[in-house]
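Chemist: Would you mind keeping the following structure in view while I ask a few things?
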Amino acid sequence: MIRVETIKELKAILRAEREKGHTIGFVPTMGYLHEGHMTLVDEATKSNDCVVMSIFVNPLQFGPTEDFDSYPRDLERDALRAKERGVTILFTPNEEEMYKRKMSATLQVHDGVNVLCGAKREGHFDGVATVVMKLLNIVSPTHAYFGKKDAQQVAIIWRMVEDFEMDVTIVPVDIVREEDGLAMSSRNVRLTPYERKEAPRIYALLKHAIAQSQTVEELLDVAFKQAHELELAELDYVELRTFPDLKEATKLEGQLILAIAMNYEHARLIDNIIWEPTRKDR
Ligand SMILES: Nc1ncnc2c1ncn2[C@@H]1O[C@H](COP(=O)(O)OP(=O)(O)OP(=O)(O)O)[C@@H](O)[C@H]1O
Ligand SMILES: CC(C)(CO)[C@@H](O)C(=O)[O-]
Ligand code: BAL
């Protein structure tokens, strides 16, 4: 594995890869790698000759009261894990390298941002879209891999790539979970042992609400009630929407997403289930 810190060096290496006829798969991350990230790498490895992973905790997507400073970081451990899993090139720019001077222009996302995390984290998806656009321009991959845990992010990036006519295929990857059902997340390390014990109930309540309900109202009632029953976390939102359009779901029809965010003392956790209610073969 080659580890690269500058955009110039990365572009030169990737130019040589392309000249050899190699396809490039890209996995953007904020590091503190876990099995969720590694599954994105596995997917990229299946379809590409060269797999680029970036690790960059992007300040543009954090609000002033959010956890940018305390976001978990361990670049050396991450580099070992990435190498073991077969990443070809690990790109670890610092803030100076990515935003040498203040960006002269940034992206503003208009569609699909007034709901779910977008409604709760003002400007978050503008920061995500801006850095993802920049990273995609640097790497120019044929495929880029994103986890469905951040389902709104996938929906927004899909639209961005379409609207800007970008030549990259966005590949959404299923959520990887701990054995007890908790969605893997870098922020899970910030849960206390008691919180960690309770947190699998987040996924359990999503599954329960879906399994028990015949109508939208019933489903949301069950989800709200059970989310409020969690003792150590506060409900940020639980919403039922169409996917990937993220419109209000008025019927249990078509592809839907039941998405939730819960605030523990030092970690905001998100999770979701995307499913088609009329399909019985799940
Ligand atoms: N459990 C998971 N399963 C599948 N993909 C995941 C999972 N967790 C993260 N990803 C994906 O990995 C990519 C990088 O995410 P990121 O580095 O923010 O990790 P994270 O664990 O989601 O961090 P945090 O939970 O703190 O936001 C994103 O596309 C994200 O959706
Ligand atoms: C896509 C991303 C790497 C952009 O900073 C980040 O939002 C993430 O890790 O999901
Ligand atoms: N995976 C989403 C990154 C964030 O929470 O900012």
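Labeling convention for the structure tokens: chains A, B, ... as they appear, residues from 1 per chain, ligands from 1 in order of appearance.
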Hey, what's within 12 Å of Val222 (chain A) if we count only C-alpha atoms and toss same-chain stuff fewer than 3 positions away? As a PyMOL selection string, please?

Modeler: chain A and resi 204-219+225-229+238-239+258

Chemist: Once DSSP has gone over the backbone, tell me which residues of region 63-185 of chain A are in alpha helix (DSSP H), as number ranges by chain.

Modeler: A: 75-84, 95-98, 116-120, 124-139, 151-163

Chemist: Restricted to N, CA and C atoms, what would the selected residues look like written as a short mmCIF file (atom, residue, chain, number, x, y, z; two decimals), in the first residue's frame?

Modeler:
data_model
loop_
_atom_site.label_atom_id
_atom_site.label_comp_id
_atom_site.auth_asym_id
_atom_site.auth_seq_id
_atom_site.Cartn_x
_atom_site.Cartn_y
_atom_site.Cartn_z
N LEU A 75 -4.64 7.53 12.98
CA LEU A 75 -4.16 7.33 11.60
C LEU A 75 -3.24 6.12 11.46
N GLU A 76 -2.39 5.90 12.48
CA GLU A 76 -1.43 4.80 12.35
C GLU A 76 -2.14 3.45 12.36
N ARG A 77 -3.09 3.29 13.28
CA ARG A 77 -3.86 2.04 13.32
C ARG A 77 -4.66 1.87 12.03
N ASP A 78 -5.26 2.98 11.56
CA ASP A 78 -6.04 2.94 10.32
C ASP A 78 -5.19 2.49 9.14
N ALA A 79 -3.95 3.00 9.07
CA ALA A 79 -3.06 2.65 7.95
C ALA A 79 -2.78 1.14 7.95
N LEU A 80 -2.58 0.58 9.14
CA LEU A 80 -2.34 -0.87 9.23
C LEU A 80 -3.55 -1.67 8.74
N ARG A 81 -4.73 -1.26 9.22
CA ARG A 81 -5.96 -1.98 8.83
C ARG A 81 -6.20 -1.87 7.34
N ALA A 82 -5.97 -0.68 6.79
CA ALA A 82 -6.21 -0.47 5.35
C ALA A 82 -5.27 -1.35 4.54
N LYS A 83 -4.01 -1.40 4.96
CA LYS A 83 -3.01 -2.20 4.25
C LYS A 83 -3.39 -3.69 4.30
N GLU A 84 -3.73 -4.16 5.51
CA GLU A 84 -4.11 -5.58 5.67
C GLU A 84 -5.29 -5.95 4.77
N GLU A 95 -5.64 19.36 6.81
CA GLU A 95 -6.59 20.42 6.48
C GLU A 95 -5.97 21.46 5.55
N GLU A 96 -4.70 21.76 5.80
CA GLU A 96 -3.96 22.72 4.98
C GLU A 96 -3.93 22.26 3.51
N GLU A 97 -3.72 20.93 3.33
CA GLU A 97 -3.63 20.39 1.98
C GLU A 97 -4.98 20.46 1.25
N MET A 98 -6.05 20.17 1.97
CA MET A 98 -7.38 20.15 1.33
C MET A 98 -7.93 21.56 1.11
N LEU A 116 -34.59 14.72 8.05
CA LEU A 116 -33.61 13.82 8.69
C LEU A 116 -32.40 14.60 9.24
N CYS A 117 -31.19 14.10 8.99
CA CYS A 117 -29.99 14.76 9.55
C CYS A 117 -29.80 16.18 9.00
N GLY A 118 -30.23 16.40 7.77
CA GLY A 118 -30.07 17.73 7.17
C GLY A 118 -30.82 18.80 7.96
N ALA A 119 -31.99 18.43 8.48
CA ALA A 119 -32.79 19.38 9.25
C ALA A 119 -32.17 19.66 10.62
N LYS A 120 -31.38 18.70 11.10
CA LYS A 120 -30.81 18.81 12.45
C LYS A 120 -29.39 19.34 12.44
N HIS A 124 -24.55 20.82 7.17
CA HIS A 124 -23.77 19.57 7.14
C HIS A 124 -23.59 19.04 5.71
N PHE A 125 -24.70 18.96 4.96
CA PHE A 125 -24.60 18.35 3.64
C PHE A 125 -23.95 19.29 2.61
N ASP A 126 -23.93 20.58 2.89
CA ASP A 126 -23.14 21.49 2.02
C ASP A 126 -21.66 21.12 2.17
N GLY A 127 -21.25 20.88 3.41
CA GLY A 127 -19.85 20.51 3.68
C GLY A 127 -19.51 19.15 3.10
N VAL A 128 -20.45 18.20 3.20
CA VAL A 128 -20.23 16.86 2.65
C VAL A 128 -20.12 16.95 1.13
N ALA A 129 -21.08 17.65 0.50
CA ALA A 129 -21.09 17.73 -0.97
C ALA A 129 -19.80 18.40 -1.47
N THR A 130 -19.37 19.45 -0.77
CA THR A 130 -18.17 20.18 -1.20
C THR A 130 -16.93 19.28 -1.13
N VAL A 131 -16.77 18.57 -0.02
CA VAL A 131 -15.56 17.74 0.10
C VAL A 131 -15.63 16.53 -0.82
N VAL A 132 -16.82 15.95 -0.98
CA VAL A 132 -16.94 14.78 -1.87
C VAL A 132 -16.68 15.20 -3.31
N MET A 133 -17.21 16.35 -3.70
CA MET A 133 -16.93 16.86 -5.06
C MET A 133 -15.42 17.03 -5.26
N LYS A 134 -14.77 17.63 -4.26
CA LYS A 134 -13.33 17.87 -4.37
C LYS A 134 -12.56 16.53 -4.43
N LEU A 135 -12.93 15.61 -3.56
CA LEU A 135 -12.25 14.30 -3.55
C LEU A 135 -12.48 13.54 -4.86
N LEU A 136 -13.71 13.60 -5.37
CA LEU A 136 -13.99 12.90 -6.64
C LEU A 136 -13.20 13.53 -7.78
N ASN A 137 -13.04 14.83 -7.74
CA ASN A 137 -12.24 15.50 -8.78
C ASN A 137 -10.76 15.13 -8.68
N ILE A 138 -10.29 14.95 -7.46
CA ILE A 138 -8.87 14.58 -7.27
C ILE A 138 -8.64 13.13 -7.74
N VAL A 139 -9.53 12.23 -7.32
CA VAL A 139 -9.30 10.79 -7.56
C VAL A 139 -9.81 10.34 -8.94
N ALA A 151 -27.67 7.11 4.86
CA ALA A 151 -28.53 6.96 3.68
C ALA A 151 -28.84 8.30 3.02
N GLN A 152 -29.02 9.33 3.84
CA GLN A 152 -29.31 10.65 3.25
C GLN A 152 -28.11 11.15 2.45
N GLN A 153 -26.92 10.84 2.97
CA GLN A 153 -25.69 11.20 2.25
C GLN A 153 -25.66 10.52 0.88
N VAL A 154 -25.99 9.23 0.84
CA VAL A 154 -26.01 8.50 -0.43
C VAL A 154 -27.00 9.16 -1.39
N ALA A 155 -28.20 9.48 -0.89
CA ALA A 155 -29.24 10.07 -1.75
C ALA A 155 -28.75 11.42 -2.31
N ILE A 156 -28.11 12.21 -1.46
CA ILE A 156 -27.66 13.55 -1.89
C ILE A 156 -26.50 13.45 -2.88
N ILE A 157 -25.57 12.55 -2.62
CA ILE A 157 -24.42 12.39 -3.53
C ILE A 157 -24.88 11.84 -4.89
N TRP A 158 -25.82 10.92 -4.86
CA TRP A 158 -26.40 10.39 -6.10
C TRP A 158 -26.91 11.52 -6.97
N ARG A 159 -27.72 12.40 -6.35
CA ARG A 159 -28.31 13.52 -7.08
C ARG A 159 -27.22 14.47 -7.58
N MET A 160 -26.23 14.72 -6.72
CA MET A 160 -25.16 15.66 -7.10
C MET A 160 -24.42 15.15 -8.35
N VAL A 161 -24.09 13.87 -8.32
CA VAL A 161 -23.34 13.27 -9.43
C VAL A 161 -24.16 13.32 -10.72
N GLU A 162 -25.47 13.10 -10.57
CA GLU A 162 -26.37 13.17 -11.72
C GLU A 162 -26.48 14.61 -12.23
N ASP A 163 -26.73 15.53 -11.32
CA ASP A 163 -26.96 16.93 -11.71
C ASP A 163 -25.72 17.57 -12.32
#

Chemist: Restrict the calculation to only C-alpha atoms and all ligand atoms, then for each residue of chain A with any atom at most 7 Å from an atom of ligand 2 give the closest atom pair and their distance in Å to one decimal, rows by chain and rising residue number, as CSV.

Modeler:
residue,atom,partner,partner_atom_place_in_ligand_line,distance
A:Pro28,CA,ligand 2,3 (C),4.4
A:Thr29,CA,ligand 2,3 (C),3.8
A:Met30,CA,ligand 2,9 (O),4.5
A:Phe56,CA,ligand 2,5 (O),6.6
A:Val57,CA,ligand 2,5 (O),6.3
A:Asn58,CA,ligand 2,5 (O),5.2
A:Val128,CA,ligand 2,4 (C),4.9
A:Val131,CA,ligand 2,4 (C),6.0
A:Val132,CA,ligand 2,4 (C),5.6
A:Asp150,CA,ligand 2,10 (O),6.5

Chemist: Give me a file of those residues, with C-alpha atoms, as a PDB file, in the first residue's frame.

Modeler:
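Contents of result01.pdb, as written:
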ATOM      1  CA  PRO A  28     -13.970   8.184   1.146  1.00  0.00           C
ATOM      2  CA  THR A  29     -13.918   8.030   4.965  1.00  0.00           C
ATOM      3  CA  MET A  30     -13.224  10.048   8.068  1.00  0.00           C
ATOM      4  CA  PHE A  56     -10.018  13.154   6.175  1.00  0.00           C
ATOM      5  CA  VAL A  57     -12.090  14.565   9.015  1.00  0.00           C
ATOM      6  CA  ASN A  58     -13.738  17.335   7.062  1.00  0.00           C
ATOM      7  CA  VAL A 128     -20.227  16.857   2.648  1.00  0.00           C
ATOM      8  CA  VAL A 131     -15.556  17.739   0.099  1.00  0.00           C
ATOM      9  CA  VAL A 132     -16.938  14.783  -1.865  1.00  0.00           C
ATOM     10  CA  ASP A 150     -25.540   7.449   5.972  1.00  0.00           C
TER      11      ASP A 150
END

Chemist: Return the single residue from A:Glu253, A:Asp271, A:Glu19, A:Glu234 that is closest to ligand 1, with distances computed using only C-alpha atoms and all ligand atoms.

Modeler: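 Between A:Glu253, A:Asp271, A:Glu19, A:Glu234, the residue approaching ligand 1 most closely is A:Asp271.
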
Chemist: Would you kindly return, as an MDAnalysis selection string, each protein, DNA or RNA residue with an atom no farther than 8 Å from any atom of region 261-266 of chain A, considering only C-alpha atoms and excluding same-chain residues fewer than 3 positions away?

Modeler: chainID A and resid 117 190:191 195 232:238 269:271

Chemist: Neighbours of ligand 1 at 9 Å or closer, counting only C-alpha atoms and all ligand atoms: which residues, as a PyMOL selection string?

Modeler: chain A and resi 27-40+55-57+71-72+145-151+153-154+172-178+182-188+267-271

Chemist: Measuring atom to atom with only C-alpha atoms, identify which of A:Arg3, A:Arg101, A:His110, A:Lys20 is nearest to Val87 (chain A).

Modeler: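 Of A:Arg3, A:Arg101, A:His110, A:Lys20, the one nearest Val87 (chain A) is A:Arg3, counting only C-alpha atoms.
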
Chemist: Show which residues sit within 10 Å of Ile2 (chain A), as a PDB file with C-alpha atoms, in the first residue's frame. Count only C-alpha atoms, and ignore same-chain residues fewer than 4 positions away.

Modeler:
ATOM      1  CA  LEU A  10      -1.870  11.254  -5.551  1.00  0.00           C
ATOM      2  CA  ILE A  13       0.205   8.008  -9.096  1.00  0.00           C
ATOM      3  CA  VAL A  52      -8.089   4.390  -3.111  1.00  0.00           C
ATOM      4  CA  ALA A  79      -3.065   2.651   7.950  1.00  0.00           C
ATOM      5  CA  LYS A  83      -3.013  -2.202   4.252  1.00  0.00           C
ATOM      6  CA  VAL A  87      -6.219  -0.852  -0.043  1.00  0.00           C
ATOM      7  CA  THR A  88      -3.861   0.137  -2.882  1.00  0.00           C
ATOM      8  CA  ILE A  89      -3.473   3.835  -2.052  1.00  0.00           C
ATOM      9  CA  LEU A  90      -4.286   5.536   1.250  1.00  0.00           C
ATOM     10  CA  PHE A  91      -4.783   9.285   0.915  1.00  0.00           C
TER      11      PHE A  91
END

Chemist: So that I can check the secondary structure, give me every residue of region 46-153 of chain A assigned strand (DSSP E or B) by backbone DSSP, as a list in words.

Modeler: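 Answer for region 46-153 of chain A restricted to strand (DSSP E or B) is Cys50, Val51, Val52, Met53, Ser54, Ile55, Ile89, Leu90, Phe91, His143, Ala144, Tyr145, Phe146 and Gly147 of chain A.
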
Chemist: With distances taken over only C-alpha atoms and all ligand atoms, which residue among A:Ser54, A:Ser140, A:Gln61, A:Thr6 lies nearest ligand 3?

Modeler: A:Gln61

Chemist: From the set A:Leu60, A:Leu107, A:Leu220, A:Ile274, which residue has the shortest atom-to-atom contact distance to ligand 3, counting only C-alpha atoms and all ligand atoms?

Modeler: A:Leu60

Chemist: As a count of residues only, please: the residues near Glu122 (chain A) (cut-off 9 Å, only C-alpha atoms, same-chain neighbours under 5 positions excluded).

Modeler: 5

Chemist: Take CA of Asp69 (chain A) and CA of Val4 (chain A) and report the distance between them in Å, one decimal.

Modeler: 23.2 Å

Chemist: So how far away is CA of Thr169 (chain A) from CA of Gly21 (chain A), in Å?

Modeler: 17.8 Å
